[in-house]
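Asks: Coordinates in my_file.csv, CSV, C-alpha atoms, are listed below.
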```
chain,number,residue,atom,x,y,z
B,1,MET,CA,-63.9,-51.3,94.0
B,2,GLU,CA,-66.3,-53.0,91.6
B,3,PRO,CA,-66.2,-56.7,90.9
B,4,PRO,CA,-64.3,-57.8,87.8
B,5,GLY,CA,-66.3,-57.3,84.6
B,6,PRO,CA,-67.6,-60.0,82.3
B,7,ILE,CA,-64.7,-62.2,81.3
B,8,ALA,CA,-66.1,-63.1,78.0
B,9,GLU,CA,-65.6,-59.6,76.8
B,10,VAL,CA,-61.8,-59.8,77.2
B,11,PRO,CA,-60.0,-61.5,74.3
B,12,ILE,CA,-57.4,-64.2,75.2
B,13,ALA,CA,-54.2,-64.1,73.3
B,14,PRO,CA,-52.9,-67.3,71.8
B,15,LYS,CA,-50.0,-67.6,74.2
B,16,GLY,CA,-52.1,-66.4,77.2
B,17,PHE,CA,-49.5,-63.9,78.5
B,18,SER,CA,-50.4,-60.7,76.6
B,19,SER,CA,-51.6,-57.7,78.5
B,20,ALA,CA,-55.1,-58.3,77.0
B,21,SER,CA,-55.2,-61.9,78.4
B,22,LEU,CA,-53.7,-61.0,81.8
B,23,ALA,CA,-56.0,-57.9,82.3
B,24,PRO,CA,-58.8,-60.0,83.9
B,25,VAL,CA,-56.2,-61.7,86.2
B,26,TRP,CA,-55.0,-58.2,87.3
B,27,GLN,CA,-58.6,-57.2,87.9
B,28,LEU,CA,-59.3,-60.3,89.9
B,29,ASN,CA,-56.1,-59.7,92.0
B,30,ALA,CA,-57.0,-56.1,92.7
B,31,TYR,CA,-60.5,-57.2,93.7
B,32,PHE,CA,-59.1,-59.9,96.0
B,33,LEU,CA,-56.6,-57.5,97.6
B,34,GLU,CA,-59.5,-55.2,98.3
B,35,THR,CA,-61.3,-58.1,99.8
B,36,LEU,CA,-58.4,-58.9,102.0
B,37,ALA,CA,-58.3,-55.4,103.3
B,38,GLN,CA,-61.9,-55.6,104.2
B,39,CYS,CA,-61.5,-59.0,105.8
B,40,SER,CA,-58.6,-57.8,107.9
B,41,ARG,CA,-60.9,-55.4,109.7
B,42,HIS,CA,-63.3,-58.1,110.8
B,43,PRO,CA,-62.8,-59.3,114.5
B,44,ALA,CA,-62.7,-63.0,113.4
B,45,TRP,CA,-59.6,-62.2,111.3
B,46,ARG,CA,-57.4,-62.0,114.4
B,47,GLY,CA,-55.5,-65.2,115.0
B,48,SER,CA,-56.9,-66.8,111.8
B,49,ALA,CA,-54.8,-68.8,109.3
B,50,TRP,CA,-55.1,-65.9,106.9
B,51,GLU,CA,-53.7,-63.4,109.4
B,52,ILE,CA,-50.9,-65.8,110.2
B,53,ALA,CA,-50.0,-66.1,106.5
B,54,LEU,CA,-50.4,-62.5,105.6
B,55,GLY,CA,-49.0,-61.0,108.8
B,56,PRO,CA,-50.3,-58.3,111.2
B,57,ASN,CA,-49.1,-55.5,109.0
B,58,LEU,CA,-51.5,-56.2,106.0
B,59,ALA,CA,-53.6,-53.1,106.4
B,60,ASN,CA,-50.5,-50.9,106.3
B,61,ALA,CA,-48.7,-52.7,103.5
B,62,LEU,CA,-51.6,-53.0,101.0
B,63,PRO,CA,-52.1,-49.3,100.2
B,64,ILE,CA,-48.5,-49.1,99.2
B,65,LEU,CA,-48.2,-52.5,97.4
B,66,ARG,CA,-51.7,-53.1,96.1
B,67,GLN,CA,-51.1,-51.8,92.5
B,68,GLU,CA,-47.8,-53.7,92.1
B,69,LEU,CA,-49.1,-56.9,93.5
B,70,SER,CA,-52.4,-56.8,91.6
B,71,ARG,CA,-50.4,-56.8,88.3
B,72,ALA,CA,-48.7,-60.1,89.0
B,73,PRO,CA,-49.0,-62.6,86.1
B,74,VAL,CA,-50.5,-65.1,88.5
B,75,SER,CA,-53.8,-65.3,90.3
B,76,LEU,CA,-53.4,-64.5,94.0
B,77,VAL,CA,-56.7,-66.3,94.6
B,78,ASP,CA,-56.6,-70.1,95.2
B,79,ILE,CA,-60.0,-71.9,95.1
B,80,GLY,CA,-58.6,-75.4,96.0
B,81,VAL,CA,-58.8,-77.1,92.6
B,82,ASN,CA,-55.6,-78.9,93.4
B,83,ASP,CA,-56.7,-80.0,96.8
B,84,GLY,CA,-57.4,-83.6,95.8
B,85,ALA,CA,-60.6,-85.5,96.7
B,86,ALA,CA,-62.0,-82.6,98.8
B,87,HIS,CA,-62.5,-80.3,95.9
B,88,SER,CA,-61.7,-82.3,92.8
B,89,LEU,CA,-64.1,-81.9,89.8
B,90,PRO,CA,-65.2,-85.6,89.6
B,91,GLY,CA,-68.1,-85.9,92.1
B,92,ILE,CA,-67.9,-82.2,93.0
B,93,HIS,CA,-71.7,-82.0,92.8
B,94,ASP,CA,-72.0,-84.5,95.6
B,95,ALA,CA,-69.4,-82.9,97.9
B,96,ARG,CA,-70.4,-81.0,101.0
B,97,VAL,CA,-70.0,-77.3,100.5
B,98,PRO,CA,-67.9,-75.9,103.4
B,99,SER,CA,-68.4,-72.4,104.7
B,100,PRO,CA,-65.9,-69.6,104.1
B,101,PRO,CA,-64.2,-68.1,107.1
B,102,ALA,CA,-66.4,-65.9,109.3
B,103,PHE,CA,-64.6,-62.8,108.1
B,104,LEU,CA,-65.3,-63.5,104.4
B,105,ALA,CA,-69.0,-63.0,103.3
B,106,TRP,CA,-70.5,-65.9,101.4
B,107,ASP,CA,-71.5,-63.7,98.4
B,108,ARG,CA,-68.0,-62.4,98.1
B,109,ALA,CA,-66.5,-65.9,98.3
B,110,ALA,CA,-68.9,-67.2,95.7
B,111,GLN,CA,-68.1,-64.3,93.4
B,112,LEU,CA,-64.4,-64.9,93.7
B,113,ALA,CA,-64.8,-68.6,93.1
B,114,GLN,CA,-66.9,-68.1,90.0
B,115,THR,CA,-64.6,-65.4,88.6
B,116,THR,CA,-61.5,-67.6,89.2
B,117,LEU,CA,-63.1,-70.7,87.7
B,118,THR,CA,-64.4,-68.8,84.7
B,119,LEU,CA,-60.9,-67.3,84.1
B,120,THR,CA,-59.4,-70.8,84.3
B,121,TRP,CA,-62.0,-72.2,81.9
B,122,THR,CA,-61.5,-69.4,79.4
B,123,LEU,CA,-57.7,-69.5,79.4
B,124,ALA,CA,-57.5,-73.3,79.5
B,125,ARG,CA,-59.6,-73.6,76.3
B,126,SER,CA,-57.1,-71.3,74.6
B,127,ASP,CA,-53.7,-72.1,76.2
B,128,LEU,CA,-53.4,-75.0,78.6
B,129,VAL,CA,-49.9,-74.1,79.7
B,130,ALA,CA,-50.8,-70.5,80.4
B,131,ALA,CA,-53.9,-71.6,82.4
B,132,SER,CA,-51.7,-73.9,84.5
B,133,ILE,CA,-49.2,-71.2,85.3
B,134,VAL,CA,-51.4,-68.2,85.7
B,135,LEU,CA,-54.2,-69.9,87.7
B,136,GLY,CA,-52.0,-72.4,89.5
B,137,VAL,CA,-53.7,-75.6,88.4
B,138,GLN,CA,-52.1,-78.9,87.3
B,139,GLY,CA,-52.5,-79.9,83.6
B,140,SER,CA,-55.1,-82.6,84.4
B,141,GLU,CA,-57.3,-80.2,86.3
B,142,ALA,CA,-56.9,-77.6,83.6
B,143,ARG,CA,-58.1,-80.1,81.0
B,144,GLU,CA,-61.1,-81.1,83.1
B,145,ILE,CA,-62.1,-77.5,83.6
B,146,ALA,CA,-61.7,-76.7,79.9
B,147,ALA,CA,-64.0,-79.6,79.1
B,148,LEU,CA,-66.9,-78.2,81.2
B,149,GLY,CA,-69.8,-76.5,79.6
B,150,PHE,CA,-70.1,-72.8,80.2
B,151,HIS,CA,-73.6,-73.3,81.8
B,152,GLU,CA,-72.0,-75.6,84.4
B,153,LEU,CA,-69.6,-73.0,85.8
B,154,PRO,CA,-71.9,-71.1,88.2
B,155,ALA,CA,-73.1,-74.3,90.0
B,156,ILE,CA,-69.6,-75.8,90.1
B,157,SER,CA,-68.0,-72.6,91.3
B,158,GLU,CA,-70.4,-72.4,94.2
B,159,ARG,CA,-69.0,-75.7,95.5
B,160,PHE,CA,-65.5,-74.0,95.6
B,161,ALA,CA,-66.7,-70.9,97.5
B,162,GLY,CA,-65.7,-72.3,100.9
B,163,ALA,CA,-62.2,-73.1,99.6
B,164,VAL,CA,-61.4,-69.5,98.5
B,165,ARG,CA,-58.2,-68.4,100.1
B,166,PRO,CA,-54.9,-66.5,99.4
B,167,ARG,CA,-52.5,-68.5,97.3
B,168,TRP,CA,-49.6,-69.9,99.4
B,169,LEU,CA,-51.7,-69.8,102.6
B,170,THR,CA,-49.5,-72.4,104.2
B,171,GLN,CA,-46.3,-70.6,103.3
B,172,PRO,CA,-46.3,-67.4,105.3
B,173,ARG,CA,-42.7,-66.6,104.3
B,174,ILE,CA,-43.8,-65.9,100.7
B,175,TRP,CA,-46.4,-63.4,101.8
B,176,ARG,CA,-44.0,-61.7,104.3
B,177,ARG,CA,-41.6,-61.1,101.4
B,178,LEU,CA,-44.3,-59.9,99.0
B,179,LEU,CA,-45.8,-57.5,101.6
B,180,ARG,CA,-42.6,-56.1,102.8
B,181,CYS,CA,-42.7,-52.4,102.1
B,182,PRO,CA,-40.0,-51.8,99.6
B,183,ASP,CA,-36.9,-49.8,100.4
B,184,ARG,CA,-35.4,-49.2,96.9
B,185,THR,CA,-31.9,-48.7,98.3
B,186,ILE,CA,-32.0,-52.2,99.8
B,187,THR,CA,-34.2,-54.2,97.2
B,188,SER,CA,-33.0,-52.6,94.0
B,189,HIS,CA,-31.0,-55.8,93.2
B,190,LEU,CA,-34.2,-57.9,93.4
B,191,PRO,CA,-36.5,-58.6,90.5
B,192,PRO,CA,-39.9,-57.0,90.5
B,193,SER,CA,-42.5,-58.7,92.7
B,194,GLY,CA,-44.4,-60.0,89.6
B,195,VAL,CA,-41.3,-61.9,88.4
B,196,ARG,CA,-40.8,-63.3,91.9
B,197,ILE,CA,-44.4,-64.4,92.1
B,198,LEU,CA,-44.1,-66.1,88.7
B,199,GLN,CA,-40.9,-67.9,89.8
B,200,ARG,CA,-42.7,-69.1,93.0
B,201,GLN,CA,-45.7,-70.3,90.9
B,202,LEU,CA,-43.4,-72.3,88.6
B,203,ALA,CA,-41.5,-73.8,91.6
B,204,ASP,CA,-44.9,-75.1,92.9
B,205,LEU,CA,-46.1,-76.5,89.6
B,206,ILE,CA,-43.0,-78.0,88.1
B,207,PRO,CA,-42.3,-80.7,90.7
B,208,ALA,CA,-45.8,-82.1,90.3
B,209,THR,CA,-46.2,-81.5,86.5
B,210,PRO,CA,-42.9,-81.1,84.7
B,211,ALA,CA,-42.9,-78.1,82.4
B,212,LYS,CA,-42.0,-80.3,79.4
B,213,CYS,CA,-45.1,-82.4,80.0
B,214,LEU,CA,-47.3,-79.3,80.1
B,215,PHE,CA,-46.0,-78.1,76.8
B,216,ASP,CA,-46.1,-81.6,75.2
B,217,GLU,CA,-49.8,-82.0,76.4
B,218,ASP,CA,-50.7,-78.6,75.0
B,219,ARG,CA,-49.1,-79.3,71.7
B,220,TRP,CA,-50.9,-82.6,71.5
B,221,ARG,CA,-54.2,-81.0,72.3
B,222,ARG,CA,-53.7,-78.3,69.6
B,223,ARG,CA,-53.0,-80.9,67.0
B,224,SER,CA,-56.0,-83.2,67.9
```
Please express the file's structure as structure tokens.
Replies:
Amino acid sequence: MEPPGPIAEVPIAPKGFSSASLAPVWQLNAYFLETLAQCSRHPAWRGSAWEIALGPNLANALPILRQELSRAPVSLVDIGVNDGAAHSLPGIHDARVPSPPAFLAWDRAAQLAQTTLTLTWTLARSDLVAASIVLGVQGSEAREIAALGFHELPAISERFAGAVRPRWLTQPRIWRRLLRCPDRTITSHLPPSGVRILQRQLADLIPATPAKCLFDEDRWRRRS
């Protein structure tokens, strides 16, 4: 599968949740799931935090669920923007660049970091609330990213390459549910995986940044 195309070519809808604006996120998710499939075949994958989170059945589940999961309205890639001092934007140029796991090639990690950061930058400049929800960043981080110059993104994204990881890496239960091969007679009462992923994302974001604050901040930014 080819890397996601140039993000600048995809228009962002005002509300940030149209098919046009989510298309790059779906492409990023599909590319990341393909990356996970490749990583799972590397010897270093066995026993890693990624295998613990995603489970031993990843290779069998992905071919069945890849299309459905990739179209989640949330980025499945986390680059650690919310990690605090370790990867915060202030002083990021002075931070030590950690290496990605042995099973994830540096060029692939750097590509995922740059694509994710560029998506966040593009969407945050149009719709702060959508950027926070879709890319999983708090409002303050979304504003900092939106304030960056486009020319700064490649160098800054390189500093995040070592932090690339699946979202909810420390919450294996979420991935076990998402990667469970569906039995429609059992799961027909459940909402689609995309809805469940969005609910999970909101549950993570709202305790730290109340939804009302996100909307109030975005309205203030649009008026200023």
Asks: To one decimal place, how far is atom CA of B:Ile52 from atom CA of B:Pro172 in Å?
Replies: 6.9 Å
Asks: Between B:Gln138, B:Ser132, B:Gly80, B:Ala110, which residue has the minimum interatomic distance to B:Ala163, considering only C-alpha atoms?
Replies: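 Residue with the minimum atom-to-atom distance to B:Ala163: B:Gly80.
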Asks: Ranking B:Leu153, B:Leu76, B:Ala30, B:Leu104 by minimum distance to B:Val134 and counting all atoms listed in the file, which one comes first?
Replies: B:Leu76
Asks: Separation of atom CA of B:Leu123 and atom CA of B:Pro101, in Å?
Replies: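 Atom CA of B:Pro101 lies at a distance of 28.5 Å from atom CA of B:Leu123.
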Asks: What is the distance, in Å and to one decimal place, between atom CA of B:Gln111 and atom CA of B:Phe150?
Replies: 15.8 Å
Asks: With distances taken over all atoms listed in the file, which residue among B:Ala23, B:Leu119, B:Leu58, B:Ala146 lies nearest B:Arg176?
Replies: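 Among B:Ala23, B:Leu119, B:Leu58, B:Ala146, it is B:Leu58 that comes nearest to B:Arg176.
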Asks: Could you check which residues have any atom within 6 Å of (-60.9, -70.5, 96.4), counting all atoms listed in the file with coordinates taken straight from the file, and then list them as a PDB file with C-alpha atoms, in the coordinates of the input?
Replies:
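This went into selection-v5.pdb:
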```
ATOM      1  CA  ASP B  78     -56.600 -70.100  95.200  1.00  0.00           C
ATOM      2  CA  ILE B  79     -60.000 -71.900  95.100  1.00  0.00           C
ATOM      3  CA  GLY B  80     -58.600 -75.400  96.000  1.00  0.00           C
ATOM      4  CA  ALA B 113     -64.800 -68.600  93.100  1.00  0.00           C
ATOM      5  CA  PHE B 160     -65.500 -74.000  95.600  1.00  0.00           C
ATOM      6  CA  ALA B 161     -66.700 -70.900  97.500  1.00  0.00           C
ATOM      7  CA  ALA B 163     -62.200 -73.100  99.600  1.00  0.00           C
ATOM      8  CA  VAL B 164     -61.400 -69.500  98.500  1.00  0.00           C
ATOM      9  CA  ARG B 165     -58.200 -68.400 100.100  1.00  0.00           C
TER      10      ARG B 165
END
```
Asks: Given only C-alpha atoms as the basis, pick out the residue of B:Gly139, B:Thr120, B:Ser157, B:Pro166 nearest to B:Ser21.
Replies: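 Going through B:Gly139, B:Thr120, B:Ser157, B:Pro166 one by one, the smallest distance to B:Ser21 is for B:Thr120.
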Asks: Can you tell me which residues surround B:His42 at a distance of at most 7 Å, considering all atoms listed in the file, apart from same-chain residues fewer than 3 positions away, and format the answer as a list in words?
Replies: Cys39, Trp45 and Phe103 of chain B
Asks: Could you add N, CA and C atoms to stretch 155-173 of chain B and give me the result as a compact mmCIF listing (two decimals), keeping the file's coordinate frame?
Replies:
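Result file follows (selection-v5.txt):
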```
# COMPACT_ATOMS: atom_id res chain seq x y z
N ALA B 155 -72.77 -73.26 88.96
CA ALA B 155 -73.10 -74.30 90.00
C ALA B 155 -71.81 -74.88 90.56
N ILE B 156 -70.85 -75.18 89.68
CA ILE B 156 -69.60 -75.80 90.10
C ILE B 156 -68.80 -74.82 90.98
N SER B 157 -68.75 -73.58 90.55
CA SER B 157 -68.00 -72.60 91.30
C SER B 157 -68.51 -72.40 92.70
N GLU B 158 -69.81 -72.55 92.88
CA GLU B 158 -70.40 -72.40 94.20
C GLU B 158 -69.85 -73.47 95.16
N ARG B 159 -69.51 -74.64 94.62
CA ARG B 159 -69.00 -75.70 95.50
C ARG B 159 -67.54 -75.37 95.93
N PHE B 160 -66.90 -74.44 95.24
CA PHE B 160 -65.50 -74.00 95.60
C PHE B 160 -65.51 -72.79 96.49
N ALA B 161 -66.65 -72.19 96.74
CA ALA B 161 -66.70 -70.90 97.50
C ALA B 161 -66.03 -71.03 98.84
N GLY B 162 -66.27 -72.14 99.53
CA GLY B 162 -65.70 -72.30 100.90
C GLY B 162 -64.20 -72.55 100.86
N ALA B 163 -63.64 -72.84 99.70
CA ALA B 163 -62.20 -73.10 99.60
C ALA B 163 -61.42 -71.86 99.17
N VAL B 164 -62.10 -70.75 98.89
CA VAL B 164 -61.40 -69.50 98.50
C VAL B 164 -60.42 -69.10 99.56
N ARG B 165 -59.22 -68.79 99.13
CA ARG B 165 -58.20 -68.40 100.10
C ARG B 165 -57.04 -67.73 99.33
N PRO B 166 -56.14 -67.07 100.02
CA PRO B 166 -54.90 -66.50 99.40
C PRO B 166 -54.05 -67.68 98.89
N ARG B 167 -53.45 -67.54 97.75
CA ARG B 167 -52.50 -68.50 97.30
C ARG B 167 -51.31 -68.55 98.32
N TRP B 168 -50.69 -69.70 98.49
CA TRP B 168 -49.60 -69.90 99.40
C TRP B 168 -50.01 -69.62 100.90
N LEU B 169 -51.24 -70.02 101.23
CA LEU B 169 -51.70 -69.80 102.60
C LEU B 169 -50.89 -70.49 103.63
N THR B 170 -50.32 -71.64 103.28
CA THR B 170 -49.50 -72.40 104.20
C THR B 170 -48.03 -72.05 104.16
N GLN B 171 -47.71 -71.01 103.40
CA GLN B 171 -46.30 -70.60 103.30
C GLN B 171 -46.18 -69.12 103.60
N PRO B 172 -46.29 -68.77 104.88
CA PRO B 172 -46.30 -67.40 105.30
C PRO B 172 -45.04 -66.60 104.83
N ARG B 173 -43.92 -67.30 104.67
CA ARG B 173 -42.70 -66.60 104.30
C ARG B 173 -42.84 -65.90 102.95
```
